[in-house]
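Coordinates as given in model-v8.tsv (TSV, C-alpha atoms):
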chain	number	residue	atom	x	y	z
A	1378	MET	CA	3.60	25.64	-0.99
A	1379	ARG	CA	1.75	23.95	1.85
A	1380	ALA	CA	0.78	20.31	1.75
A	1381	GLN	CA	-2.92	19.58	1.56
A	1382	PRO	CA	-4.90	19.96	4.78
A	1383	ARG	CA	-5.67	16.67	6.47
A	1384	PRO	CA	-6.97	15.49	9.85
A	1385	LEU	CA	-4.43	15.59	12.66
A	1386	GLY	CA	-4.57	13.12	15.54
A	1387	VAL	CA	-2.63	11.76	18.48
A	1388	ASN	CA	-2.19	8.39	20.15
A	1389	THR	CA	-3.17	8.18	23.81
A	1390	TRP	CA	0.15	6.39	24.44
A	1391	VAL	CA	1.56	9.92	24.71
A	1392	TRP	CA	-0.07	10.04	28.15
A	1393	THR	CA	-0.96	6.56	29.40
A	1394	SER	CA	-0.75	2.80	28.96
A	1395	PRO	CA	-2.90	0.82	28.92
A	1396	LEU	CA	-5.95	2.81	27.84
A	1397	THR	CA	-9.08	1.41	29.50
A	1398	ASP	CA	-12.73	2.33	29.94
A	1399	ASP	CA	-11.85	3.95	33.27
A	1400	ASP	CA	-9.81	6.77	31.72
A	1401	LEU	CA	-11.18	6.82	28.16
A	1402	ARG	CA	-13.48	9.83	28.46
A	1403	ARG	CA	-10.87	11.85	30.35
A	1404	MET	CA	-8.30	11.13	27.65
A	1405	LEU	CA	-10.66	11.93	24.79
A	1406	ALA	CA	-11.70	15.19	26.43
A	1407	LEU	CA	-8.04	16.20	26.71
A	1408	VAL	CA	-7.31	15.29	23.09
A	1409	ALA	CA	-10.30	17.33	21.92
A	1410	GLU	CA	-9.43	20.24	24.20
A	1411	LEU	CA	-5.91	20.40	22.74
A	1412	GLY	CA	-7.49	20.84	19.31
A	1413	PHE	CA	-6.92	17.51	17.59
A	1414	ASP	CA	-9.29	16.19	14.93
A	1415	ALA	CA	-8.59	12.50	15.51
A	1416	VAL	CA	-7.42	10.03	18.12
A	1417	GLU	CA	-5.51	6.76	17.93
A	1418	LEU	CA	-6.82	4.22	20.42
A	1419	PRO	CA	-4.46	1.36	21.35
A	1420	LEU	CA	-6.19	-1.87	22.34
A	1421	GLU	CA	-3.51	-3.59	24.41
A	1422	GLU	CA	-5.78	-6.36	25.69
A	1423	PRO	CA	-9.26	-7.51	24.64
A	1424	GLY	CA	-11.71	-6.13	27.18
A	1425	HIS	CA	-9.78	-2.97	27.97
A	1426	LEU	CA	-12.20	-0.94	25.83
A	1427	ASP	CA	-15.89	-1.78	25.60
A	1428	PRO	CA	-16.92	-1.19	21.96
A	1429	ALA	CA	-20.29	0.44	22.74
A	1430	ARG	CA	-18.89	2.71	25.45
A	1431	THR	CA	-15.93	3.62	23.25
A	1432	ALA	CA	-18.17	4.46	20.30
A	1433	ALA	CA	-20.26	6.77	22.48
A	1434	ALA	CA	-17.19	8.43	24.01
A	1435	VAL	CA	-15.57	9.06	20.63
A	1436	ARG	CA	-18.81	10.45	19.24
A	1437	ASP	CA	-19.29	12.76	22.21
A	1438	ALA	CA	-15.71	14.04	21.89
A	1439	GLY	CA	-16.16	14.77	18.19
A	1440	LEU	CA	-12.99	12.93	17.22
A	1441	ALA	CA	-12.28	10.68	14.24
A	1442	PRO	CA	-11.19	7.30	15.68
A	1443	TYR	CA	-8.34	5.01	14.65
A	1444	VAL	CA	-7.35	1.73	16.27
A	1445	VAL	CA	-3.84	0.34	16.71
A	1446	GLY	CA	-2.73	-2.98	18.14
A	1447	ALA	CA	0.16	-3.88	20.41
A	1448	MET	CA	2.25	-6.97	19.72
A	1449	ALA	CA	3.15	-7.86	23.28
A	1450	PRO	CA	5.40	-10.83	24.11
A	1451	GLY	CA	3.76	-14.06	22.96
A	1452	ARG	CA	1.86	-12.44	20.09
A	1453	ASP	CA	3.35	-14.01	17.00
A	1454	LEU	CA	2.15	-15.21	13.61
A	1455	VAL	CA	5.48	-16.75	12.58
A	1456	ALA	CA	8.07	-19.14	14.02
A	1457	THR	CA	5.93	-20.13	16.97
A	1458	ASP	CA	3.49	-22.83	18.06
A	1459	ALA	CA	-0.08	-23.22	16.83
A	1460	ALA	CA	-1.60	-22.10	20.12
A	1461	SER	CA	0.30	-18.80	20.03
A	1462	VAL	CA	-0.81	-18.19	16.46
A	1463	ALA	CA	-4.44	-18.83	17.42
A	1464	ARG	CA	-4.24	-16.48	20.40
A	1465	THR	CA	-2.67	-13.79	18.24
A	1466	GLN	CA	-5.36	-14.17	15.59
A	1467	ASP	CA	-8.07	-13.89	18.24
A	1468	TYR	CA	-6.45	-10.74	19.62
A	1469	LEU	CA	-6.28	-9.15	16.16
A	1470	ARG	CA	-9.93	-10.03	15.54
A	1471	SER	CA	-10.76	-8.19	18.77
A	1472	CYS	CA	-8.96	-5.13	17.42
A	1473	VAL	CA	-10.95	-5.37	14.18
A	1474	ASP	CA	-14.22	-5.72	16.09
A	1475	LEU	CA	-13.45	-2.60	18.13
A	1476	ALA	CA	-12.63	-0.64	14.97
A	1477	ALA	CA	-15.84	-1.74	13.28
A	1478	ALA	CA	-17.92	-0.82	16.31
A	1479	ILE	CA	-16.54	2.70	16.64
A	1480	GLY	CA	-16.30	3.56	12.94
A	1481	ALA	CA	-12.52	3.40	12.61
A	1482	PRO	CA	-11.44	2.73	9.02
A	1483	SER	CA	-8.43	0.59	9.88
A	1484	VAL	CA	-6.51	-1.41	12.44
A	1485	CYS	CA	-2.77	-0.90	12.24
A	1486	GLY	CA	0.39	-2.28	13.79
A	1487	PRO	CA	3.32	-4.68	13.33
A	1488	PHE	CA	1.06	-7.70	13.01
A	1489	TYR	CA	3.65	-10.40	12.44
A	1490	ALA	CA	5.74	-10.93	15.59
A	1491	ALA	CA	6.12	-9.61	19.10
A	1492	THR	CA	7.79	-6.21	19.26
A	1493	GLY	CA	11.40	-6.67	20.31
A	1494	ARG	CA	11.63	-10.25	19.01
A	1495	VAL	CA	14.60	-10.57	16.66
A	1496	TRP	CA	16.40	-13.52	15.10
A	1497	ARG	CA	18.76	-14.13	12.19
A	1498	MET	CA	17.39	-15.65	8.98
A	1499	THR	CA	18.88	-16.90	5.76
A	1500	THR	CA	17.21	-15.84	2.54
A	1501	ALA	CA	15.37	-19.16	2.38
A	1502	GLU	CA	14.29	-18.90	6.00
A	1503	ARG	CA	12.99	-15.38	5.44
A	1504	THR	CA	10.99	-16.48	2.41
A	1505	ALA	CA	9.49	-19.32	4.43
A	1506	ALA	CA	8.67	-16.95	7.29
A	1507	TYR	CA	6.88	-14.59	4.91
A	1508	ASP	CA	4.87	-17.47	3.46
A	1509	GLU	CA	3.92	-18.61	6.96
A	1510	TRP	CA	3.00	-15.06	7.93
A	1511	CYS	CA	0.62	-14.61	4.98
A	1512	THR	CA	-1.02	-17.97	5.71
A	1513	ASN	CA	-1.61	-17.08	9.36
A	1514	LEU	CA	-2.65	-13.49	8.64
A	1515	ALA	CA	-5.21	-14.50	6.01
A	1516	PRO	CA	-7.99	-15.51	8.46
A	1517	VAL	CA	-7.65	-12.17	10.24
A	1518	LEU	CA	-7.83	-10.39	6.91
A	1519	ASP	CA	-10.99	-12.30	6.02
A	1520	HIS	CA	-12.53	-11.16	9.31
A	1521	ALA	CA	-11.50	-7.57	8.63
A	1522	ARG	CA	-12.90	-7.60	5.10
A	1523	ALA	CA	-16.23	-8.85	6.42
A	1524	ALA	CA	-16.24	-6.03	8.99
A	1525	GLY	CA	-15.29	-3.35	6.44
A	1526	VAL	CA	-12.03	-2.58	8.24
A	1527	ALA	CA	-8.63	-2.33	6.54
A	1528	ILE	CA	-5.51	-3.90	8.03
A	1529	GLY	CA	-2.40	-1.70	8.00
A	1530	ILE	CA	0.91	-3.51	8.47
A	1531	GLU	CA	3.65	-1.45	10.09
A	1532	PRO	CA	7.33	-2.08	9.34
A	1533	LEU	CA	9.48	-1.56	12.43
A	1534	ASN	CA	13.11	-0.61	12.84
A	1535	ARG	CA	15.82	-3.26	13.13
A	1536	TYR	CA	15.98	-3.03	16.93
A	1537	GLU	CA	12.30	-3.93	17.33
A	1538	THR	CA	12.01	-6.68	14.70
A	1539	SER	CA	14.13	-8.61	12.25
A	1540	LEU	CA	11.19	-9.59	10.03
A	1541	VAL	CA	9.79	-6.47	8.34
A	1542	ASN	CA	11.92	-3.32	8.46
A	1543	THR	CA	11.26	-1.58	5.14
A	1544	VAL	CA	8.46	-0.76	2.73
A	1545	ASP	CA	10.04	-2.99	0.10
A	1546	GLN	CA	10.15	-5.95	2.48
A	1547	ALA	CA	6.52	-5.43	3.48
A	1548	LEU	CA	5.34	-5.18	-0.12
A	1549	ALA	CA	7.27	-8.30	-1.11
A	1550	ALA	CA	6.07	-10.31	1.87
A	1551	LEU	CA	2.43	-9.28	1.47
A	1552	ALA	CA	2.33	-9.70	-2.31
A	1553	PRO	CA	-0.01	-12.74	-2.19
A	1554	LEU	CA	-2.52	-10.71	-0.18
A	1555	LEU	CA	-1.99	-7.35	-1.88
A	1556	ASP	CA	-2.66	-8.91	-5.29
A	1557	ALA	CA	-6.17	-9.94	-4.28
A	1558	ALA	CA	-9.03	-8.21	-6.06
A	1559	ASP	CA	-10.24	-6.70	-2.78
A	1560	PRO	CA	-7.08	-6.61	-0.69
A	1561	GLY	CA	-8.35	-4.77	2.39
A	1562	ILE	CA	-4.74	-4.65	3.51
A	1563	GLY	CA	-1.89	-2.23	3.10
A	1564	LEU	CA	0.91	-0.48	4.94
A	1565	ALA	CA	0.92	1.72	8.02
A	1566	LEU	CA	4.03	3.90	7.99
A	1567	ASP	CA	5.62	5.55	11.00
A	1568	THR	CA	8.10	8.37	10.38
A	1569	TYR	CA	10.27	7.17	13.27
A	1570	HIS	CA	10.91	3.79	11.68
A	1571	LEU	CA	11.22	5.30	8.20
A	1572	GLY	CA	13.95	7.61	9.50
A	1573	ILE	CA	16.01	4.65	10.68
A	1574	GLU	CA	15.47	2.10	7.92
A	1575	GLU	CA	14.84	4.00	4.67
A	1576	ARG	CA	17.36	5.98	2.63
A	1577	SER	CA	14.55	8.43	1.87
A	1578	SER	CA	11.30	8.55	3.81
A	1579	ALA	CA	9.61	10.39	0.95
A	1580	ASP	CA	10.67	7.77	-1.59
A	1581	ALA	CA	9.47	5.03	0.74
A	1582	VAL	CA	6.04	6.67	0.87
A	1583	ARG	CA	5.97	6.79	-2.91
A	1584	ARG	CA	6.87	3.09	-3.13
A	1585	ALA	CA	4.02	2.30	-0.76
A	1586	GLY	CA	1.77	4.26	-3.09
A	1587	ARG	CA	-1.84	3.10	-3.26
A	1588	HIS	CA	-1.14	0.54	-0.53
A	1589	LEU	CA	-0.68	3.26	2.11
A	1590	VAL	CA	-3.40	2.82	4.74
A	1591	HIS	CA	-2.26	4.93	7.70
A	1592	VAL	CA	0.49	7.35	8.76
A	1593	GLN	CA	1.99	7.99	12.18
A	1594	VAL	CA	4.32	10.90	12.79
A	1595	CYS	CA	6.84	11.99	15.39
A	1596	GLY	CA	10.25	13.59	15.55
A	1597	ASN	CA	13.33	11.55	14.73
A	1598	ASP	CA	13.95	11.31	18.50
A	1599	ARG	CA	10.39	9.95	19.09
A	1600	GLY	CA	9.31	13.34	20.40
A	1601	ALA	CA	7.02	15.92	18.84
A	1602	PRO	CA	7.18	16.28	15.06
A	1603	GLY	CA	8.90	19.47	14.02
A	1604	HIS	CA	12.28	21.16	14.54
A	1605	ASP	CA	13.97	17.76	14.13
A	1606	GLN	CA	16.01	16.13	11.38
A	1607	THR	CA	13.02	14.89	9.37
A	1608	ASP	CA	12.47	16.53	5.98
A	1609	TRP	CA	8.81	17.25	6.65
A	1610	PRO	CA	8.03	19.19	3.45
A	1611	ALA	CA	9.43	16.35	1.33
A	1612	LEU	CA	7.48	13.77	3.29
A	1613	LEU	CA	4.20	15.65	2.98
A	1614	ASP	CA	4.81	16.23	-0.73
A	1615	ALA	CA	5.16	12.47	-1.12
A	1616	LEU	CA	1.91	11.86	0.77
A	1617	ASP	CA	0.18	14.29	-1.59
A	1618	ASP	CA	1.77	12.59	-4.61
A	1619	VAL	CA	0.34	9.17	-3.69
A	1620	GLY	CA	-3.08	10.63	-2.88
A	1621	TYR	CA	-3.03	9.87	0.82
A	1622	ALA	CA	-5.90	11.84	2.34
A	1623	GLY	CA	-5.98	10.19	5.77
A	1624	ALA	CA	-4.93	11.53	9.11
A	1625	LEU	CA	-1.47	12.22	10.44
A	1626	ASN	CA	-1.42	10.78	13.95
A	1627	ILE	CA	1.29	11.68	16.44
A	1628	GLU	CA	2.63	8.56	18.13
A	1629	SER	CA	4.95	8.95	21.05
A	1630	PHE	CA	5.12	7.38	24.50
A	1631	THR	CA	5.14	8.37	28.12
A	1632	PRO	CA	8.35	7.38	29.94
A	1633	ASP	CA	6.32	6.88	33.13
A	1634	ASN	CA	4.85	3.52	32.15
A	1635	ALA	CA	7.33	0.70	32.57
A	1636	SER	CA	6.03	-1.73	29.94
A	1637	ILE	CA	5.50	0.72	27.10
A	1638	ALA	CA	8.69	2.70	27.86
A	1639	VAL	CA	10.83	-0.44	27.72
A	1640	ALA	CA	9.13	-1.74	24.56
A	1641	ALA	CA	9.73	1.58	22.79
A	1642	SER	CA	13.13	2.24	24.42
A	1643	ILE	CA	11.99	5.53	25.95
A	1644	TRP	CA	14.58	6.23	28.60
A	1645	ARG	CA	14.09	9.97	29.09
A	1646	PRO	CA	11.31	12.55	28.86
A	1647	LEU	CA	10.79	13.67	25.27
A	1648	ALA	CA	9.17	16.97	26.26
A	1649	ALA	CA	8.52	19.03	29.36
A	1650	SER	CA	5.19	17.20	29.65
A	1651	PRO	CA	3.01	14.92	27.51
A	1652	ASP	CA	0.63	17.84	26.96
A	1653	ASP	CA	3.52	19.95	25.67
A	1654	LEU	CA	4.62	17.18	23.31
A	1655	ALA	CA	1.13	16.85	21.86
A	1656	ARG	CA	0.52	20.60	21.68
A	1657	ASP	CA	3.87	21.38	20.06
A	1658	GLY	CA	3.47	18.62	17.49
A	1659	LEU	CA	-0.03	19.75	16.61
A	1660	THR	CA	1.05	23.37	16.22
A	1661	PHE	CA	3.88	22.36	13.91
A	1662	LEU	CA	1.71	20.10	11.75
A	1663	ARG	CA	-1.01	22.72	11.42
A	1664	SER	CA	1.56	25.33	10.35
A	1665	LEU	CA	2.95	22.93	7.75
A	1666	THR	CA	-0.29	21.62	6.30
A	1667	GLY	CA	-2.58	24.62	6.63
A	1668	SER	CA	-5.06	22.43	8.49
A	1669	HIS	CA	-7.43	24.22	10.81
A	1670	ALA	CA	-8.54	23.31	14.28
A	1671	PRO	CA	-12.07	21.93	14.77
A	1672	GLY	CA	-14.71	24.63	14.59
A	1673	GLY	CA	-12.66	26.71	12.14
A	1674	ALA	CA	-10.17	28.12	14.62
A	1675	ALA	CA	-6.68	28.63	13.25

Now that the file is in, can you turn its structure into C-alpha cells?
Amino acid sequence: MRAQPRPLGVNTWVWTSPLTDDDLRRMLALVAELGFDAVELPLEEPGHLDPARTAAAVRDAGLAPYVVGAMAPGRDLVATDAASVARTQDYLRSCVDLAAAIGAPSVCGPFYAATGRVWRMTTAERTAAYDEWCTNLAPVLDHARAAGVAIGIEPLNRYETSLVNTVDQALAALAPLLDAADPGIGLALDTYHLGIEERSSADAVRRAGRHLVHVQVCGNDRGAPGHDQTDWPALLDALDDVGYAGALNIESFTPDNASIAVAASIWRPLAASPDDLARDGLTFLRSLTGSHAPGGAA
C-alpha cells in the first residue's frame, strides 16, 4: 500500500551555494520545470534574499516555500561569548522574517551550534549546555511565534555536532520549550542523519510524533532518495502514523562549491549531474507515495 500523497520539494543546495537574488528566479524555474511542488530556500547570510522579491519569485513559480538556515562557523547559542549568541539570534530572526514574508510555515536547521563544531561533555556539562541553549533560543522562538512561523530543530550526525544527535536528545533538551501551551517549535528530521544515529529511522519518527515540523530526505549516501539502504516504505508508514502531512524535501549538495561541500563532507559527485539527482529522487518519491506532479501529470 502506498503512503499518503504529499508535496515533494528540493533544496537549491543541490545546485548552488549561496542562493542569492541574482540566481533565485533561474533556480525556481528549474525546480518547477523538473516537476517539484515545493522548494527549500537556504538563507546563508541576511541580505542574500530580499523578502519581497523572493515572495514574488516563489509565487510566480507556483512552488510551496520552505526556509532553512545554515549554522556557519561562529553561529552558536551555547558555549560561546555573548556577542556570538547575539549575532546568531539576529541571524535566526532574519530567517524567520524571510519565512514570514514568503509564506513559509517553518524555519529549520541545527540551531544550536556551528555545523562541524564538536567537543566532549560530561553528563552535567551536557545538561548545562541544554539549559543554556533553551535560554538563548527562547528569544528567537518568541520572535517566530509572533511571526506565525514554526522553528524546526534538526539533530545532526556525530561528525557534524556533539550536542544533538538523536530525536531523544532533542526532545529532552527542548522539553522546557516543547511543554509550553503554544510551543511553535518542534523537530526537523533528515533521513541522512537518522540513518547514522538512530537504530530505526521509522521508530525515531514515531518518537518525534506530534513535534515533527519538517522532513528532509536523501539516500543514505547523501544522493537521491531511492535504490539505497533506507527502508523507505517503513519510514513513510511512520510519517503517516504520526499524521505528518508536510512536504518531503530532497536535501543534497553540489560538490562544486567549496564551503558547502566541506561542511557536508561531499567529496565526490553523488549523481551524473545535479539535475539527474533531483529528477531521480523526485521520480522515486512519486512512485512510492502516489503523489502527482503539478497540473495533474503523473

_Ranking A:Asp1519, A:Asp1605, A:Asp1427, A:Asp1414 by minimum distance to Leu1440 of chain A and counting all atoms listed in the file, which one comes first?_
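Counting all atoms listed in the file, the residue closest to Leu1440 of chain A is A:Asp1414.
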
*Out of A:Ala1611, A:Arg1497, A:Leu1555, A:Ala1429, which residue has the shortest atom-to-atom distance to Ser1578 of chain A when counting all atoms listed in the file?*
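Distance minimum relative to Ser1578 of chain A lands on A:Ala1611.
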
Closest contacts (segment 1560-1625 of chain A/segment 1538-1545 of chain A, max 12 Å, all atoms listed in the file) as a Markdown table:
| residue | atom | partner | partner_atom | distance |
| --- | --- | --- | --- | --- |
| A:Gly1563 | CA | A:Val1544 | CA | 10.5 |
| A:Leu1564 | CA | A:Val1544 | CA | 7.9 |
| A:Ala1565 | CA | A:Val1544 | CA | 9.5 |
| A:Leu1566 | CA | A:Val1544 | CA | 8.3 |
| A:Asp1567 | CA | A:Val1544 | CA | 10.8 |
| A:Thr1568 | CA | A:Thr1543 | CA | 11.7 |
| A:Tyr1569 | CA | A:Asn1542 | CA | 11.7 |
| A:His1570 | CA | A:Asn1542 | CA | 7.9 |
| A:Leu1571 | CA | A:Thr1543 | CA | 7.5 |
| A:Gly1572 | CA | A:Thr1543 | CA | 10.5 |
| A:Ile1573 | CA | A:Asn1542 | CA | 9.2 |
| A:Glu1574 | CA | A:Thr1543 | CA | 6.2 |
| A:Glu1575 | CA | A:Thr1543 | CA | 6.6 |
| A:Arg1576 | CA | A:Thr1543 | CA | 10.0 |
| A:Ser1577 | CA | A:Thr1543 | CA | 11.0 |
| A:Ser1578 | CA | A:Val1544 | CA | 9.8 |
| A:Ala1579 | CA | A:Val1544 | CA | 11.3 |
| A:Asp1580 | CA | A:Val1544 | CA | 9.8 |
| A:Ala1581 | CA | A:Val1544 | CA | 6.2 |
| A:Val1582 | CA | A:Val1544 | CA | 8.0 |
| A:Arg1583 | CA | A:Val1544 | CA | 9.7 |
| A:Arg1584 | CA | A:Val1544 | CA | 7.2 |
| A:Ala1585 | CA | A:Val1544 | CA | 6.4 |
| A:Gly1586 | CA | A:Val1544 | CA | 10.2 |
| A:His1588 | CA | A:Val1544 | CA | 10.2 |
| A:Leu1589 | CA | A:Val1544 | CA | 10.0 |

*Using all atoms listed in the file, pick whichever of A:Leu1401, A:Ala1558, A:Pro1602, A:Asp1633 has the shortest atom-to-atom distance to Phe1661 of chain A.*
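For Phe1661 of chain A, the nearest of the candidates is A:Pro1602.
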
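In terms of minimum interatomic distance to Arg1656 of chain A, A:Glu1410 ranks closest within A:Asp1399, A:Asp1617, A:Glu1410, A:Glu1421, counting all atoms listed in the file.
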
*Mind giving me the straight-line distance from atom CA of Pro1442 of chain A to atom CA of Gly1525 of chain A in Å, one decimal?*
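Distance between the two atoms: 14.7 Å.
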
_Shell around Val1473 of chain A at 7 Å using only C-alpha atoms, local window under 6 positions removed, as a list in words_ =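 Skipping anything fewer than 6 positions along the chain leaves Val1484, Ala1521 and Val1526 of chain A.
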
*Between A:Asp1657, A:Asp1556, A:Glu1537, A:Glu1509, which is the closest to Gly1596 of chain A once you count all atoms listed in the file?*
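The shortest atom-to-atom distance to Gly1596 of chain A comes from A:Asp1657.
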
_I'd like to know which of A:Asp1508, A:Asp1618, A:Asp1437, A:Glu1502 is closest to Leu1454 of chain A, using all atoms listed in the file._
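Looking only at the distances to Leu1454 of chain A, the closest residue turns out to be A:Asp1508.
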
*So how far away is atom CA of Val1462 of chain A from atom CA of Leu1475 of chain A, in Å?*
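That distance, rounded to one decimal, is 20.1 Å.
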
*Who sits within 12 Å of Arg1436 of chain A, only C-alpha atoms, same chain under 3 positions skipped, as a count of residues only*: 20

*For Val1639 of chain A, list every protein, DNA or RNA residue within 12 Å, evaluated using all atoms listed in the file, and leave out those in the same chain fewer than 5 positions away; present the list as a list in words.*
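After dropping sequence-adjacent residues, the list is Ala1449, Thr1492, Gly1493, Glu1537, Phe1630, Thr1631, Pro1632, Asp1633, Asn1634, Trp1644 and Arg1645 of chain A.
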